[in-house]
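The next block holds one structure in the form of structure tokens; read it before the comments.
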Amino acid sequence: MSNVTRQAEEPPSAASCFYTATNLPAEQPQVKEVEETIEEMLIRLDEFCGMTDVIRSDTSQILDETIPLIKAKVVEMNNIYAKVDKLEAFVKMVGRHVSFLEEQVLQAEGNHSTVFHAVRKLLQSAAIPSFKNKHTPAAQHTYDLPKLYRTEDYFPRNYVGAKYQSH
């Protein structure tokens with residue numbers, strides 16, 4: 001190929017466009033300075049375009065791969081949070097039942113000891129020697145167990161691992 005044909009195929013450079021627009025000869029020092037500045041700006045522009053391409057590809061990767069993984073983890077964590085909330089509610093309910101039963105035990109102990117001491121004092125004040133050594137049972141109080149939760153209702157046997165099941 002000839003030199004003329006090759007020049008016709010290539011687009012004009014920025015410097016040659018500048019020379020044509022300003023009607024300055026290419027040999028002047030100011031023109032060379034402008035040409036170098038233009039070339040440096042073109043290099044920086046290419047670097048900038050390369051960086052934006054890298055950012056676009058990274059952004060696409062994040063959007064296509066990473067965000068779906070994060071969404072899946074969010075759903076998984078929300079399920080765990082829901083289980084923790086249910087467990088907290090269960091623990092609070094068990095705590096209320098334990099407090100209720102503890103109050104009833106304390107009340108029963110108080111009633112039993114009061115009745116037992118009253119009967120004992122009464123028998124000791126009597127001068128009957130045969131009653132002093134014998135223990136008379138206190139009046140029998142029947143106790144009806146209040147309706148409480150059943151652990152099996154909250155943790156079915158197949159829910160708990162085999163090593164925790166009683167056979």
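Every chain in the structure tokens takes a letter, A first, then B, and so on in the order presented; its residues are numbered from 1, and the ligands are numbered from 1 following the presented order.
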For Tyr143 (chain A): contacts at 12 Å, only C-alpha atoms, fewer than 4 positions along chain excluded, given as a list in words: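 In the requested format, the answer is Leu101, Gln104, Val105, Gln107 and Ala108 of chain A.
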Let's have the selection written as a JSON list (two decimals), in the first residue's frame, with all heavy atoms.
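What landed in out_19.json:
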[["chain", "number", "residue", "atom", "x", "y", "z"],
["A", 101, "LEU", "N", -46.47, -21.06, 90.13],
["A", 101, "LEU", "CA", -46.33, -22.28, 90.93],
["A", 101, "LEU", "C", -45.50, -22.03, 92.19],
["A", 101, "LEU", "O", -45.80, -22.58, 93.25],
["A", 101, "LEU", "CB", -45.71, -23.40, 90.10],
["A", 101, "LEU", "CG", -46.61, -24.00, 89.03],
["A", 101, "LEU", "CD1", -45.84, -25.04, 88.21],
["A", 101, "LEU", "CD2", -47.83, -24.64, 89.65],
["A", 104, "GLN", "N", -47.71, -20.52, 94.74],
["A", 104, "GLN", "CA", -48.61, -21.52, 95.32],
["A", 104, "GLN", "C", -47.87, -22.44, 96.29],
["A", 104, "GLN", "O", -48.41, -22.81, 97.33],
["A", 104, "GLN", "CB", -49.28, -22.33, 94.22],
["A", 104, "GLN", "CG", -50.33, -21.54, 93.48],
["A", 104, "GLN", "CD", -51.22, -22.43, 92.63],
["A", 104, "GLN", "OE1", -50.86, -23.56, 92.30],
["A", 104, "GLN", "NE2", -52.37, -21.91, 92.27],
["A", 105, "VAL", "N", -46.63, -22.81, 95.98],
["A", 105, "VAL", "CA", -45.84, -23.65, 96.88],
["A", 105, "VAL", "C", -45.58, -22.90, 98.19],
["A", 105, "VAL", "O", -45.72, -23.46, 99.28],
["A", 105, "VAL", "CB", -44.52, -24.09, 96.21],
["A", 105, "VAL", "CG1", -43.54, -24.66, 97.21],
["A", 105, "VAL", "CG2", -44.80, -25.10, 95.12],
["A", 107, "GLN", "N", -47.33, -20.49, 99.46],
["A", 107, "GLN", "CA", -48.60, -20.38, 100.18],
["A", 107, "GLN", "C", -48.94, -21.72, 100.84],
["A", 107, "GLN", "O", -49.38, -21.74, 102.00],
["A", 107, "GLN", "CB", -49.70, -19.97, 99.20],
["A", 107, "GLN", "CG", -51.04, -19.76, 99.87],
["A", 107, "GLN", "CD", -52.12, -19.38, 98.86],
["A", 107, "GLN", "OE1", -51.87, -19.37, 97.66],
["A", 107, "GLN", "NE2", -53.29, -19.06, 99.36],
["A", 108, "ALA", "N", -48.74, -22.82, 100.15],
["A", 108, "ALA", "CA", -49.05, -24.14, 100.72],
["A", 108, "ALA", "C", -48.12, -24.44, 101.89],
["A", 108, "ALA", "O", -48.57, -24.98, 102.91],
["A", 108, "ALA", "CB", -48.91, -25.21, 99.65]]
